[in-house]
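Novice: Take a look at the following structure, please.
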Amino acid sequence: MAQTLTMNTPRPSRARFLVLALLAVGTMINYLDRTVLGIAAPSITRELALNPLWMGVVFSAFSWTYAAAQIPGGVLLDRLGSRITYFGAVSAWSLFTLLHGMAGGLASLLAFRFGLGVSEAPCFPTNSRVVATWFPQQERARATAVYTVGEYLGLACFSPVLYALMVVASWRALFLATGIAGFVFAAVWWWLYREPQDSKTVNPAELAHIAAGGGLVSATGGTLPFSWSQVGRLLSFREIWGACLGQFGGNSTLVFFLTWFPTYLATERHMGWIKIGFFAVMPFFAAAVGVIFGGWLSDKLLQRTGSANIARKLPIIAGLVGASTIIAANFVDSEAAVIAVLCVAFFSQGMTGLGWTLIADIAPRRLMGLTGGIFNFAANLAGVVTPLVIGGILLVTASFQWALAYIAAVALLGALSYIFILGDVRRLELD
C-alpha cells in the first residue's frame, strides 16, 4: 500500500526555476544597463572633455537617485506586487539607457543617470521578494546566487562584444543595444511571471514544497499601510544595521569594478583596448564563480548544521575578508599578477551576494519590500561614495594606489559589522 501511494503521489513541478531564470536574465540586463558607462568612460571623457573628478560625479550620479528611491520603491513593491513593479521598472530603465546614447554634455548625461537610478531601484527588492515567495528557505541561498550571478556573467560574456561594438561603431551604440534588450525582456516578464497561487505551471505538490520551507505561498494578511514609524522600527533592529553596513563594504568592491576598473587597466596599467577587452572579463568570471560557490556553501552549511547564523554569515564574512586583498595589486608589476589579484578579490566579493538571502530570511513577512529597500539604500550608498572618493584620489594623486587601499579598508569594515553587529539570523517580528 505504501509503495502504491508513493507511486501515485505527483512529483512537484519545477515552475520556480523558470521564475529564477527570469530573475537571472533581468538582473543581467539591469547590470549591463548601469555599467556599460564604465566601458564607454574613456571615450566619453575625451569626447565630452570631462576630468576624473567630473567622471566620478557621473559614475556616482546613478547611485544618488538609486539609493534615494529604495524606500519609495520598496513601498511601491509592497503595494503593486512583483509583476507590475518589475515590468514598469524594466521599461523605464531601458528608456533611460537609450537616452544615454543621445547625451550631448555633462548636464544631459547626469540627467539620464538620475533617471536610470530611480527606475532601477525596485529591481533587487523585487528579486528578494520573489525568491522569498517562490523558494523554501533551504533553497534560497542557491536561488539568490543564480540570479546574482547575472550581475557578473552578463558583463563577462558581453564585454568583449561591447568593446568591439564601440570600436566599429561608437560608445553611443552601446546604450542603444542594451536599451533595446531591456524592452524585449520587459515584454517577456509580463507574459510569463505570475505569483505562485496564480501560476498555471505550478502544481499542488510544488506549492506544498515551497510552503513547507517557509515560502510565502499564501497571503499573509496583506501589507501594512506605509508610515515612517515602520522605517524607524526596522532600524531599531541590530540585524538591519549589521546587514546594511556589511553590504556597504561588499558593494564598494563591486562598484570599483563596475565603474573605474576599465580606466584602471587603461591608465594605471597602460593596457590597450584589445587587452582590456580580454583581461576585463576574467575578474567577472571569477566573481560569478564566487557567487555560485557562496550560495552552494551556504545551503550546504544550513543542511549540515541547521544554523542560519553559520550558513549565512560565515561565507559573507570570508568573502569580505577576501575582497580586502585587492590592495595587493599595488605591490605587483606583471599584468598576469595584477589580474590574478583582482580575480581573487572579485571572487570573494561575489560571495557577499548572500546578503540578499540573509535579508529574505530576516525581513518581516508583511514588509518584505520596505526591508529590502532599506537594505539596498544602505548598500548602494557605496555607489554614491566610492566613485567620488576614487575620482578625488585620482585628481590629487593621479594614481589608483590609495583608491585600492580605500576599497580594502571598507571591505574589512563590512566583515567586522557582520561579526560584531548583526547578531542572530532570524525572522524579525513587528508588534
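Chain identifiers are assigned as A, B, and so on, following the order in which chains appear in the C-alpha cells; residues are numbered from 1 within each chain, and ligands are numbered from 1 in order of appearance.
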Taking a cut-off of 12 Å and counting only C-alpha atoms, can you build a table that, for each residue of stretch 53-79 of chain A near stretch 241-255 of chain A, reports the nearest atom pair and how far apart they are in Å (one decimal), sorted by chain then residue number, as a tab-separated table?

Specialist:
residue	atom	partner	partner_atom	distance
A:Gly56	CA	A:Val255	CA	11.5
A:Phe59	CA	A:Val255	CA	9.3
A:Ser60	CA	A:Val255	CA	9.5
A:Phe62	CA	A:Val255	CA	11.3
A:Ser63	CA	A:Val255	CA	10.1
A:Ala67	CA	A:Phe248	CA	11.7

Novice: Give me the residues near A:Ala111 as a compact mmCIF listing (two decimals) with C-alpha atoms, in the first residue's frame, where near means some atom within 12 Å (using only C-alpha atoms) and where sequence neighbours in that chain fewer than 4 positions away do not count.

Specialist:
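New file around12.txt:
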# COMPACT_ATOMS: atom_id res chain seq x y z
CA VAL A 57 30.41 62.54 -10.32
CA VAL A 58 28.83 60.95 -13.40
CA ALA A 61 25.03 60.15 -10.02
CA PHE A 62 23.25 56.87 -10.73
CA TRP A 64 22.24 59.18 -5.75
CA THR A 65 18.75 58.58 -7.07
CA PHE A 96 16.83 55.97 -19.87
CA THR A 97 19.56 53.64 -21.14
CA LEU A 99 18.72 58.21 -23.86
CA HIS A 100 22.34 57.90 -22.68
CA MET A 102 21.91 60.90 -27.07
CA ALA A 103 23.81 62.77 -24.33
CA GLY A 104 25.46 65.91 -25.62
CA GLY A 105 27.24 67.07 -22.50
CA LEU A 106 27.62 66.79 -18.74
CA ALA A 107 24.12 68.07 -17.88
CA GLY A 115 16.57 58.71 -14.31
CA LEU A 116 18.29 55.34 -14.62
CA GLY A 117 18.92 55.26 -10.87
CA VAL A 118 15.28 55.91 -9.97

Novice: Pull the alpha helix (DSSP H) assignments for stretch 285-396 of chain A out of DSSP run on the backbone, and list those residues as a short mmCIF file (atom, residue, chain, number, x, y, z; two decimals) with C-alpha atoms, in the first residue's frame.

Specialist:
data_model
loop_
_atom_site.label_atom_id
_atom_site.label_comp_id
_atom_site.auth_asym_id
_atom_site.auth_seq_id
_atom_site.Cartn_x
_atom_site.Cartn_y
_atom_site.Cartn_z
CA PHE A 285 34.01 35.26 -14.41
CA ALA A 286 35.78 34.82 -11.05
CA ALA A 287 33.03 36.79 -9.31
CA ALA A 288 30.37 34.64 -11.00
CA VAL A 289 32.08 31.53 -9.62
CA GLY A 290 32.23 33.20 -6.21
CA VAL A 291 28.50 33.88 -6.25
CA ILE A 292 27.65 30.27 -7.10
CA PHE A 293 30.17 28.90 -4.61
CA GLY A 294 28.85 31.15 -1.83
CA GLY A 295 25.26 30.06 -2.44
CA TRP A 296 26.21 26.37 -2.61
CA LEU A 297 28.32 26.62 0.55
CA SER A 298 25.61 28.47 2.48
CA ASP A 299 22.89 25.91 1.71
CA LYS A 300 25.29 23.05 2.47
CA LEU A 301 26.17 24.60 5.82
CA LEU A 302 22.49 25.05 6.60
CA GLN A 303 21.82 21.38 5.85
CA ARG A 304 24.80 20.19 7.88
CA THR A 305 24.49 22.47 10.91
CA ALA A 308 21.28 30.06 9.80
CA LEU A 314 30.34 32.69 7.56
CA PRO A 315 30.52 32.80 3.71
CA ILE A 316 29.82 36.55 3.69
CA ILE A 317 32.50 37.30 6.29
CA ALA A 318 35.01 35.17 4.38
CA GLY A 319 34.06 37.00 1.17
CA LEU A 320 34.57 40.44 2.71
CA VAL A 321 37.97 39.50 4.10
CA GLY A 322 38.93 38.07 0.71
CA ALA A 323 37.77 41.23 -1.07
CA GLU A 335 49.80 42.09 -15.90
CA ALA A 336 49.13 38.44 -15.06
CA ALA A 337 49.74 39.02 -11.35
CA VAL A 338 47.51 42.09 -11.30
CA ILE A 339 44.64 40.24 -12.94
CA ALA A 340 45.16 37.28 -10.57
CA VAL A 341 44.87 39.55 -7.51
CA LEU A 342 41.77 41.24 -8.90
CA CYS A 343 40.21 37.85 -9.69
CA VAL A 344 40.72 36.69 -6.09
CA ALA A 345 39.23 39.90 -4.71
CA PHE A 346 36.22 39.83 -7.04
CA PHE A 347 35.64 36.09 -6.48
CA SER A 348 35.46 36.86 -2.77
CA GLN A 349 33.16 39.83 -3.31
CA GLY A 350 30.81 37.56 -5.24
CA MET A 351 30.22 35.57 -2.05
CA GLY A 355 23.37 39.38 1.81
CA TRP A 356 20.11 39.28 -0.14
CA THR A 357 19.44 35.74 1.10
CA LEU A 358 20.01 36.93 4.64
CA ILE A 359 17.54 39.79 4.17
CA ALA A 360 14.97 37.34 2.77
CA ASP A 361 15.45 35.30 5.96
CA ILE A 362 15.08 38.16 8.44
CA MET A 368 9.49 42.47 2.53
CA GLY A 369 9.67 45.34 0.04
CA LEU A 370 10.38 48.05 2.61
CA THR A 371 13.06 45.99 4.35
CA GLY A 372 14.73 45.24 1.02
CA GLY A 373 14.54 48.93 0.15
CA ILE A 374 16.29 50.00 3.36
CA PHE A 375 18.95 47.34 2.85
CA ASN A 376 19.57 48.34 -0.76
CA PHE A 377 19.60 52.03 0.16
CA ALA A 378 22.43 51.47 2.62
CA ALA A 379 24.26 49.07 0.31
CA LEU A 381 25.46 54.40 -0.66
CA ALA A 382 28.66 52.70 -1.75
CA GLY A 383 27.69 53.61 -5.30
CA VAL A 384 27.48 57.25 -4.24
CA VAL A 385 30.64 57.36 -2.16
CA THR A 386 33.08 55.06 -3.97
CA PRO A 387 33.21 56.77 -7.42
CA LEU A 388 33.58 60.18 -5.78
CA VAL A 389 36.32 59.04 -3.41
CA ILE A 390 38.25 57.37 -6.22
CA GLY A 391 37.74 60.35 -8.55
CA GLY A 392 39.06 62.69 -5.85
CA ILE A 393 42.04 60.44 -5.16
CA LEU A 394 42.89 60.35 -8.87
CA LEU A 395 42.60 64.12 -9.20
CA VAL A 396 45.01 64.65 -6.29
#

Novice: Would you mind telling me which residue in A:Thr27, A:Phe112, A:Trp171, A:Cys123 lies nearest to A:Leu48 when using only C-alpha atoms?

Specialist: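 Comparing A:Thr27, A:Phe112, A:Trp171, A:Cys123 against A:Leu48, the winner is A:Trp171.
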
Novice: When you look at A:Phe237 with a cut-off of 12 Å (counting only C-alpha atoms), what residues show up, excluding the ones that are within fewer than 2 positions of it in the same chain? I need them as a PDB file with N, CA and C atoms, in the first residue's frame.

Specialist:
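Output saved as result.pdb:
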ATOM      1  N   GLN A 230       7.418  52.740  10.592  1.00  0.00           N
ATOM      2  CA  GLN A 230       7.876  51.398  10.217  1.00  0.00           C
ATOM      3  C   GLN A 230       9.371  51.410   9.921  1.00  0.00           C
ATOM      4  N   VAL A 231       9.835  52.461   9.239  1.00  0.00           N
ATOM      5  CA  VAL A 231      11.263  52.579   8.965  1.00  0.00           C
ATOM      6  C   VAL A 231      12.034  52.657  10.275  1.00  0.00           C
ATOM      7  N   GLY A 232      11.553  53.491  11.197  1.00  0.00           N
ATOM      8  CA  GLY A 232      12.210  53.604  12.492  1.00  0.00           C
ATOM      9  C   GLY A 232      12.204  52.302  13.261  1.00  0.00           C
ATOM     10  N   ARG A 233      11.090  51.577  13.168  1.00  0.00           N
ATOM     11  CA  ARG A 233      11.005  50.289  13.871  1.00  0.00           C
ATOM     12  C   ARG A 233      12.000  49.293  13.295  1.00  0.00           C
ATOM     13  N   LEU A 234      12.087  49.228  11.969  1.00  0.00           N
ATOM     14  CA  LEU A 234      13.052  48.326  11.343  1.00  0.00           C
ATOM     15  C   LEU A 234      14.479  48.698  11.720  1.00  0.00           C
ATOM     16  N   LEU A 235      14.770  50.008  11.765  1.00  0.00           N
ATOM     17  CA  LEU A 235      16.127  50.455  12.093  1.00  0.00           C
ATOM     18  C   LEU A 235      16.459  50.281  13.569  1.00  0.00           C
ATOM     19  N   GLU A 239      20.057  43.645  13.567  1.00  0.00           N
ATOM     20  CA  GLU A 239      20.224  42.817  12.372  1.00  0.00           C
ATOM     21  C   GLU A 239      20.215  43.663  11.102  1.00  0.00           C
ATOM     22  N   ILE A 240      19.338  44.659  11.059  1.00  0.00           N
ATOM     23  CA  ILE A 240      19.250  45.523   9.877  1.00  0.00           C
ATOM     24  C   ILE A 240      20.519  46.356   9.732  1.00  0.00           C
ATOM     25  N   TRP A 241      20.986  46.939  10.827  1.00  0.00           N
ATOM     26  CA  TRP A 241      22.207  47.750  10.777  1.00  0.00           C
ATOM     27  C   TRP A 241      23.412  46.905  10.376  1.00  0.00           C
ATOM     28  N   GLY A 242      23.529  45.723  10.972  1.00  0.00           N
ATOM     29  CA  GLY A 242      24.671  44.869  10.654  1.00  0.00           C
ATOM     30  C   GLY A 242      24.700  44.467   9.196  1.00  0.00           C
ATOM     31  N   ALA A 243      23.537  44.076   8.668  1.00  0.00           N
ATOM     32  CA  ALA A 243      23.464  43.669   7.268  1.00  0.00           C
ATOM     33  C   ALA A 243      23.746  44.842   6.339  1.00  0.00           C
ATOM     34  N   CYS A 244      23.228  46.026   6.682  1.00  0.00           N
ATOM     35  CA  CYS A 244      23.415  47.196   5.816  1.00  0.00           C
ATOM     36  C   CYS A 244      24.875  47.633   5.763  1.00  0.00           C
ATOM     37  N   ILE A 362      15.377  37.401   7.226  1.00  0.00           N
ATOM     38  CA  ILE A 362      15.083  38.163   8.442  1.00  0.00           C
ATOM     39  C   ILE A 362      13.971  39.195   8.263  1.00  0.00           C
ATOM     40  N   ALA A 363      13.596  39.563   7.037  1.00  0.00           N
ATOM     41  CA  ALA A 363      12.607  40.625   6.829  1.00  0.00           C
ATOM     42  C   ALA A 363      11.243  40.226   7.370  1.00  0.00           C
ATOM     43  N   PRO A 364      10.528  41.125   8.057  1.00  0.00           N
ATOM     44  CA  PRO A 364       9.149  40.827   8.461  1.00  0.00           C
ATOM     45  C   PRO A 364       8.302  40.480   7.244  1.00  0.00           C
ATOM     46  N   THR A 371      11.798  46.448   3.772  1.00  0.00           N
ATOM     47  CA  THR A 371      13.065  45.991   4.349  1.00  0.00           C
ATOM     48  C   THR A 371      14.139  45.885   3.274  1.00  0.00           C
ATOM     49  N   ILE A 421      28.016  43.192  14.919  1.00  0.00           N
ATOM     50  CA  ILE A 421      26.761  43.948  14.992  1.00  0.00           C
ATOM     51  C   ILE A 421      25.545  43.102  14.633  1.00  0.00           C
ATOM     52  N   LEU A 422      25.658  42.256  13.621  1.00  0.00           N
ATOM     53  CA  LEU A 422      24.475  41.605  13.046  1.00  0.00           C
ATOM     54  C   LEU A 422      23.659  40.806  14.053  1.00  0.00           C
ATOM     55  N   GLY A 423      24.296  40.001  14.893  1.00  0.00           N
ATOM     56  CA  GLY A 423      23.540  39.155  15.817  1.00  0.00           C
ATOM     57  C   GLY A 423      22.956  37.945  15.121  1.00  0.00           C
ATOM     58  N   ASP A 424      21.841  37.440  15.659  1.00  0.00           N
ATOM     59  CA  ASP A 424      21.234  36.210  15.139  1.00  0.00           C
ATOM     60  C   ASP A 424      20.489  36.452  13.837  1.00  0.00           C
ATOM     61  N   VAL A 425      20.556  35.460  12.943  1.00  0.00           N
ATOM     62  CA  VAL A 425      19.765  35.470  11.706  1.00  0.00           C
ATOM     63  C   VAL A 425      18.426  34.854  12.025  1.00  0.00           C
ATOM     64  N   ARG A 426      17.385  35.672  12.112  1.00  0.00           N
ATOM     65  CA  ARG A 426      16.047  35.206  12.485  1.00  0.00           C
ATOM     66  C   ARG A 426      15.013  36.118  11.851  1.00  0.00           C
ATOM     67  N   ARG A 427      13.807  35.596  11.652  1.00  0.00           N
ATOM     68  CA  ARG A 427      12.726  36.384  11.096  1.00  0.00           C
ATOM     69  C   ARG A 427      12.315  37.448  12.104  1.00  0.00           C
ATOM     70  N   LEU A 428      12.393  38.717  11.705  1.00  0.00           N
ATOM     71  CA  LEU A 428      12.014  39.812  12.601  1.00  0.00           C
ATOM     72  C   LEU A 428      10.492  39.927  12.661  1.00  0.00           C
ATOM     73  N   GLU A 429       9.986  40.207  13.829  1.00  0.00           N
ATOM     74  CA  GLU A 429       8.551  40.350  14.014  1.00  0.00           C
ATOM     75  C   GLU A 429       8.253  41.748  14.536  1.00  0.00           C
ATOM     76  N   LEU A 430       7.273  42.412  13.915  1.00  0.00           N
ATOM     77  CA  LEU A 430       6.816  43.718  14.379  1.00  0.00           C
ATOM     78  C   LEU A 430       5.572  43.542  15.241  1.00  0.00           C
TER      79      LEU A 430
END

Novice: Go through A:Ala68, A:Leu110, A:Ala164, A:Ala89 and flag the residue nearest A:Ala40, using only C-alpha atoms for the distances.

Specialist: A:Ala164

Novice: For atom CA of A:Ser108 and atom CA of A:Leu50, quote the distance in Å rounded to one decimal.

Specialist: 13.3 Å

Novice: Report as a list in words all protein, DNA and RNA residues lying within 9 Å of stretch 77-86 of chain A, evaluated on only C-alpha atoms, omitting residues in the same chain fewer than 5 positions from it.

Specialist: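 So the residues in contact are Pro72, Ser91, Pro122, Cys123, Pro125, Thr126, Asn127, Arg129, Val130, Ala186, Trp189, Trp190, Tyr193, Arg194, Glu195, Gly222, Thr223, Leu224, Pro225, Arg366, Leu367, Met368, Gly369 and Leu370 of chain A.
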
Novice: Take the selection from the previous step and output its residues with N, CA and C atoms, as a PDB file, in the first residue's frame.

Specialist:
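Once everything was written out, this is again_27.pdb:
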ATOM      1  N   PRO A  72      10.932  54.401  -1.314  1.00  0.00           N
ATOM      2  CA  PRO A  72       9.714  54.511  -2.124  1.00  0.00           C
ATOM      3  C   PRO A  72       9.501  53.302  -3.033  1.00  0.00           C
ATOM      4  N   SER A  91      10.923  48.669 -18.069  1.00  0.00           N
ATOM      5  CA  SER A  91      10.568  49.542 -19.189  1.00  0.00           C
ATOM      6  C   SER A  91      11.188  50.929 -19.025  1.00  0.00           C
ATOM      7  N   PRO A 122      13.665  49.447  -7.874  1.00  0.00           N
ATOM      8  CA  PRO A 122      12.887  48.307  -7.367  1.00  0.00           C
ATOM      9  C   PRO A 122      13.443  46.928  -7.723  1.00  0.00           C
ATOM     10  N   CYS A 123      14.515  46.845  -8.518  1.00  0.00           N
ATOM     11  CA  CYS A 123      14.943  45.553  -9.048  1.00  0.00           C
ATOM     12  C   CYS A 123      15.301  44.552  -7.957  1.00  0.00           C
ATOM     13  N   PRO A 125      14.999  44.652  -4.492  1.00  0.00           N
ATOM     14  CA  PRO A 125      13.925  44.304  -3.560  1.00  0.00           C
ATOM     15  C   PRO A 125      12.895  43.353  -4.177  1.00  0.00           C
ATOM     16  N   THR A 126      12.600  43.528  -5.469  1.00  0.00           N
ATOM     17  CA  THR A 126      11.672  42.602  -6.127  1.00  0.00           C
ATOM     18  C   THR A 126      12.290  41.217  -6.238  1.00  0.00           C
ATOM     19  N   ASN A 127      13.561  41.136  -6.621  1.00  0.00           N
ATOM     20  CA  ASN A 127      14.235  39.844  -6.665  1.00  0.00           C
ATOM     21  C   ASN A 127      14.139  39.119  -5.330  1.00  0.00           C
ATOM     22  N   ARG A 129      12.008  39.582  -2.890  1.00  0.00           N
ATOM     23  CA  ARG A 129      10.617  39.217  -2.586  1.00  0.00           C
ATOM     24  C   ARG A 129      10.193  37.981  -3.383  1.00  0.00           C
ATOM     25  N   VAL A 130      10.577  37.925  -4.650  1.00  0.00           N
ATOM     26  CA  VAL A 130      10.211  36.779  -5.481  1.00  0.00           C
ATOM     27  C   VAL A 130      10.854  35.495  -4.951  1.00  0.00           C
ATOM     28  N   ALA A 186      11.277  43.162 -20.838  1.00  0.00           N
ATOM     29  CA  ALA A 186      10.076  43.637 -20.143  1.00  0.00           C
ATOM     30  C   ALA A 186       8.826  42.933 -20.664  1.00  0.00           C
ATOM     31  N   TRP A 189       8.845  39.290 -19.394  1.00  0.00           N
ATOM     32  CA  TRP A 189       8.465  39.222 -17.968  1.00  0.00           C
ATOM     33  C   TRP A 189       6.951  39.332 -17.807  1.00  0.00           C
ATOM     34  N   TRP A 190       6.339  40.299 -18.468  1.00  0.00           N
ATOM     35  CA  TRP A 190       4.890  40.500 -18.326  1.00  0.00           C
ATOM     36  C   TRP A 190       4.116  39.269 -18.800  1.00  0.00           C
ATOM     37  N   TYR A 193       5.553  35.965 -15.957  1.00  0.00           N
ATOM     38  CA  TYR A 193       5.606  35.929 -14.497  1.00  0.00           C
ATOM     39  C   TYR A 193       4.217  35.986 -13.861  1.00  0.00           C
ATOM     40  N   ARG A 194       4.008  35.121 -12.867  1.00  0.00           N
ATOM     41  CA  ARG A 194       2.831  35.147 -12.012  1.00  0.00           C
ATOM     42  C   ARG A 194       3.250  34.791 -10.588  1.00  0.00           C
ATOM     43  N   GLU A 195       2.453  35.216  -9.608  1.00  0.00           N
ATOM     44  CA  GLU A 195       2.655  34.758  -8.234  1.00  0.00           C
ATOM     45  C   GLU A 195       2.340  33.268  -8.157  1.00  0.00           C
ATOM     46  N   GLY A 222      -1.916  40.463   3.988  1.00  0.00           N
ATOM     47  CA  GLY A 222      -1.772  41.691   3.236  1.00  0.00           C
ATOM     48  C   GLY A 222      -0.537  42.465   3.648  1.00  0.00           C
ATOM     49  N   THR A 223      -0.443  43.681   3.164  1.00  0.00           N
ATOM     50  CA  THR A 223       0.681  44.537   3.516  1.00  0.00           C
ATOM     51  C   THR A 223       0.226  45.584   4.519  1.00  0.00           C
ATOM     52  N   LEU A 224       1.186  46.133   5.241  1.00  0.00           N
ATOM     53  CA  LEU A 224       0.882  47.172   6.207  1.00  0.00           C
ATOM     54  C   LEU A 224       0.882  48.529   5.512  1.00  0.00           C
ATOM     55  N   PRO A 225      -0.067  49.434   5.856  1.00  0.00           N
ATOM     56  CA  PRO A 225      -0.010  50.787   5.306  1.00  0.00           C
ATOM     57  C   PRO A 225       1.312  51.440   5.684  1.00  0.00           C
ATOM     58  N   ARG A 366       5.332  40.988   6.239  1.00  0.00           N
ATOM     59  CA  ARG A 366       4.461  41.978   5.619  1.00  0.00           C
ATOM     60  C   ARG A 366       5.206  43.238   5.179  1.00  0.00           C
ATOM     61  N   LEU A 367       6.505  43.250   5.363  1.00  0.00           N
ATOM     62  CA  LEU A 367       7.316  44.397   4.954  1.00  0.00           C
ATOM     63  C   LEU A 367       8.547  43.957   4.174  1.00  0.00           C
ATOM     64  N   MET A 368       8.363  42.968   3.312  1.00  0.00           N
ATOM     65  CA  MET A 368       9.490  42.467   2.529  1.00  0.00           C
ATOM     66  C   MET A 368      10.073  43.566   1.634  1.00  0.00           C
ATOM     67  N   GLY A 369       9.203  44.302   0.953  1.00  0.00           N
ATOM     68  CA  GLY A 369       9.670  45.337   0.035  1.00  0.00           C
ATOM     69  C   GLY A 369      10.370  46.470   0.764  1.00  0.00           C
ATOM     70  N   LEU A 370       9.796  46.946   1.868  1.00  0.00           N
ATOM     71  CA  LEU A 370      10.377  48.054   2.611  1.00  0.00           C
ATOM     72  C   LEU A 370      11.723  47.659   3.212  1.00  0.00           C
TER      73      LEU A 370
END

Novice: Could you check how far atom CA of A:Glu206 sits from atom CA of A:Phe17, in Å to one decimal?

Specialist: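 Separating atom CA of A:Glu206 from atom CA of A:Phe17 is a distance of 11.2 Å.
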
Novice: Would you pick out the contacts of stretch 9-16 of chain A at 10 Å or less, using only C-alpha atoms, so that residues sharing its chain but fewer than 3 positions from it are not included, and give the list as a PyMOL selection string?

Specialist: chain A and resi 3-6+19-22+130-131+133-135+143+196+199-210

Novice: Which one is closest to A:Tyr163: A:Gly353, A:Leu412, A:Val281, A:Ala405? Count only C-alpha atoms.

Specialist: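 Between A:Gly353, A:Leu412, A:Val281, A:Ala405, the residue approaching A:Tyr163 most closely is A:Val281.
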
Novice: Excluding same-chain residues fewer than 4 positions from A:Ser94, what lies within 12 Å of it counting only C-alpha atoms, as JSON, numbers by chain?

Specialist: {"A": [26, 29, 30, 31, 32, 33, 34, 87, 88, 89, 90, 98, 99, 100, 101, 112, 113, 115, 116, 117, 118, 119, 120, 175, 176, 177, 178, 179, 180, 181, 182, 183, 184, 185, 186, 187]}
